[in-house]
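These notes are about the structure you will find just below.
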Amino acid sequence: MNVVKSTRTLFCAAGLLLTAMLTACGGGDQGRDPILGVPAADIVSLSVTPATATVLAGVTQQYTATANYSDGSAHVVTTSAAWTSGAPLVASVGAATGLATGIAAGSSVIGASFGGKSGTANLTVLPILTGIAVTPATPGVLVAGSQQFVARGIYSDGTSVLIPTPVWSSGTLTVATINASGLATGLLPGSSIITASSGGKAGNAVLTVSAVPVVPPVPPIPPVIPPVVPPTPGTVVLGGAASFGVLAGTSITNNSGGLTLVTGDVGSPSQTVDPVQTAGWNNYKSGGILALALADLTVAITDARGRACTVSSAAGIDLGGKILTPGVYCYAGAITMTGTFIMNGPGVYIFRTASTIDTSANAIVAVAGGASASDVFWIPTGPTTLGANGAFLGAILSQSAAITVGDNTTLLGGRVLSQAAVTLKNNVIVK
């Protein structure tokens with residue numbers, strides 16, 4: 001009797017050992033336990049982790065495949081699974097490793113299959129920063145003058161995006177300094193390389209600082225002839241239009257491929273692409289505030305046109321290379337500008353023309369001797385066209401003609417206000 005009992009115990013122990021070996025090796029009789037006869041655990045799902053991931057082009061991401069079984073267990077099967085990429089031109093993946101590599105900007109579904117089950121995850125590939133463009137590229141300022149620089153990142157997919165917080169530096173600190181916001185200030189005559197850095201890349205521009213021209217003294221009037229000095233006009237009151245950097249009665253056309261940055265309110269009933277604005281300002285496309293601003297613009301233009309002329313000419317004028325003092329300058333012909341025009345001395349400057357206002361590429365309007373851009377007003381009858389890569393100052397007030405601001409031209413202390421249309425392209429406007 002003891003011999004029989006011992007024999008049964010031995011067979012049972014051998015059976016349990018065989019069961020454990022078959023389970024560990026994945027064996028069994030058609031998925032059933034060979035001793036107990038119960039079904040073996042089945043794969044119910046396959047998980048791929050991480051579910052979402054983001055990498056730069058050229059960077060790898062390891063994925064893990066986990067098989068989930070009907071008995072609640074889970075096993076990592078990464079190297080046993082078959083891996084595929086839904087978008088091979090965006091990201092590749094090792095067929096037996098689950099190691100994905102970003103190739104080009106975009107997104108791809110990374111898939112794994114094992115034991116008749118499949119799972120997926122999403123991989124986003126970001127473009128690589130390949131360079132930085134600093135604009136304007138070759139500006140000039142006077143000593144104590146300032147110049148706002150803007151840095152745009154150029155990426156491997158061809159896009160160009162504003163870099164919000166680049167690191168700015170000036171190559172020659174005795175000539176010019178630059179703050180963390182990209183605003184440079186001229187100190188001494190000369191030139192300095194302005195550099196913007198971000199993400200291991202850098203871009204440069206060259207800032208030229210010029211001495212403030214010495215205005216020759218006006219010869220004294222003989223004492224026998226009493227001097228006739230016209231009264232100094234007060235500033236032009238803009239009323240409800242004062243908070244606007246850009247205002248158009250019909251439409252604003254702003255290029256979609258670049259960046260226009262406005263410090264001030266923006267207003268127009270029709271806007272192709274809303275200009276980017278610094279914090280704290282509003283964009284009005286209808287309503288009482290926009291209506292009041294347009295109405296007060298008409299009042300301001302009427303006021304400026306009614307001022308007595310300090311200088312009156314039946315012709316036009318090229319202001320390039322000239323230095324003028326405060327006054328009301330009236331011209332029957334066009335006002336043009338080639339090179340640098342300087343307003344010297346505190347007071348109000350009003351420039352009126354019965355024709356157009358046109359500036360050449362790289363033209364510069366500057367102030368010196370206490371003159372302020374907030375007291376400068378341009379009153380055209382015809383269209384106004386500012387050339388590319390220029391630096392303009394003052395408020396342009398147009399009653400019925402369009403205003404076009406050239407590519408990369410800045411108004412750092414200026415406004416573009418028209419009852420008609422306004423066209424912008426990669427401009428920085430600070431009212």
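Chain labels A, B, ... are given in the sequence in which chains occur in the structure tokens; within each chain residues are numbered consecutively from 1, and ligands are likewise numbered from 1 in the order shown.
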
| If you count only C-alpha atoms, which residues fall within 9 Å of His75 of chain A, apart from same-chain ones fewer than 6 positions away, as a ChimeraX atom specification? | /A:65-69

Quick one: everything within 7 Å of segment 116-126 of chain A, counting only C-alpha atoms, minus sequence neighbours fewer than 5 positions away in the same chain. Send it as a tab-separated table (two decimals) with N, CA and C atoms, in the first residue's frame.
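The resulting result34.tsv:
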chain	number	residue	atom	x	y	z
A	45	SER	N	-4.34	41.84	-25.85
A	45	SER	CA	-4.02	43.14	-26.46
A	45	SER	C	-2.52	43.35	-26.45
A	46	LEU	N	-2.09	44.31	-27.28
A	46	LEU	CA	-0.68	44.67	-27.34
A	46	LEU	C	-0.57	46.18	-27.14
A	47	SER	N	0.20	46.59	-26.14
A	47	SER	CA	0.37	48.02	-25.83
A	47	SER	C	1.72	48.50	-26.34
A	48	VAL	N	1.72	49.74	-26.93
A	48	VAL	CA	2.97	50.37	-27.39
A	48	VAL	C	3.17	51.65	-26.59
A	49	THR	N	4.32	51.77	-25.96
A	49	THR	CA	4.61	52.96	-25.16
A	49	THR	C	5.97	53.53	-25.55
A	50	PRO	N	6.14	54.89	-25.43
A	50	PRO	CA	5.12	55.86	-25.01
A	50	PRO	C	4.06	56.06	-26.08
A	51	ALA	N	2.83	56.39	-25.66
A	51	ALA	CA	1.73	56.54	-26.61
A	51	ALA	C	1.96	57.70	-27.55
A	52	THR	N	2.54	58.78	-27.06
A	52	THR	CA	2.89	59.94	-27.89
A	52	THR	C	4.29	60.39	-27.53
A	53	ALA	N	5.06	60.83	-28.53
A	53	ALA	CA	6.42	61.31	-28.29
A	53	ALA	C	6.77	62.34	-29.35
A	54	THR	N	7.70	63.23	-29.03
A	54	THR	CA	8.15	64.28	-29.94
A	54	THR	C	9.68	64.30	-29.95
A	55	VAL	N	10.28	64.30	-31.14
A	55	VAL	CA	11.73	64.36	-31.28
A	55	VAL	C	12.08	65.35	-32.38
A	56	LEU	N	13.33	65.82	-32.39
A	56	LEU	CA	13.85	66.60	-33.49
A	56	LEU	C	14.28	65.66	-34.62
A	57	ALA	N	14.34	66.16	-35.82
A	57	ALA	CA	14.84	65.37	-36.93
A	57	ALA	C	16.26	64.90	-36.62
A	102	GLY	N	13.69	60.13	-36.10
A	102	GLY	CA	13.07	61.22	-36.82
A	102	GLY	C	13.85	61.56	-38.08
A	104	ALA	N	12.16	63.78	-41.00
A	104	ALA	CA	11.73	65.09	-41.48
A	104	ALA	C	10.52	65.54	-40.68
A	105	ALA	N	10.25	66.84	-40.69
A	105	ALA	CA	9.14	67.39	-39.91
A	105	ALA	C	7.81	66.77	-40.32
A	106	GLY	N	7.01	66.39	-39.34
A	106	GLY	CA	5.70	65.79	-39.58
A	106	GLY	C	5.34	64.84	-38.46
A	107	SER	N	4.41	63.94	-38.72
A	107	SER	CA	4.01	62.95	-37.71
A	107	SER	C	3.85	61.59	-38.38
A	108	SER	N	4.07	60.54	-37.61
A	108	SER	CA	3.96	59.18	-38.12
A	108	SER	C	3.38	58.27	-37.03
A	109	VAL	N	2.61	57.26	-37.46
A	109	VAL	CA	2.10	56.24	-36.55
A	109	VAL	C	3.11	55.10	-36.49
A	110	ILE	N	3.60	54.79	-35.30
A	110	ILE	CA	4.54	53.69	-35.09
A	110	ILE	C	3.72	52.48	-34.62
A	111	GLY	N	3.77	51.36	-35.37
A	111	GLY	CA	2.96	50.19	-35.06
A	111	GLY	C	3.79	48.98	-34.72

Using only C-alpha atoms, the best pick from A:Ser372, A:Asn204, A:Gln271, A:Thr340 as closest to Thr359 of chain A would be A:Thr340

Restricting to only C-alpha atoms, whichever of A:Thr235, A:Gln147, A:Thr130, A:Ser286 is closest to Gly203 of chain A is A:Thr130

Do you know which residues are at most 6 Å from Val328 of chain A counting only C-alpha atoms, after dropping those on the same chain fewer than 5 positions away, and could you put them as a list in words?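 The residues that qualify are Cys309, Thr310 and Ile350 of chain A.
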
Students should find that atom CA of Ser113 of chain A and atom CA of Ile43 of chain A are spaced 11.6 Å
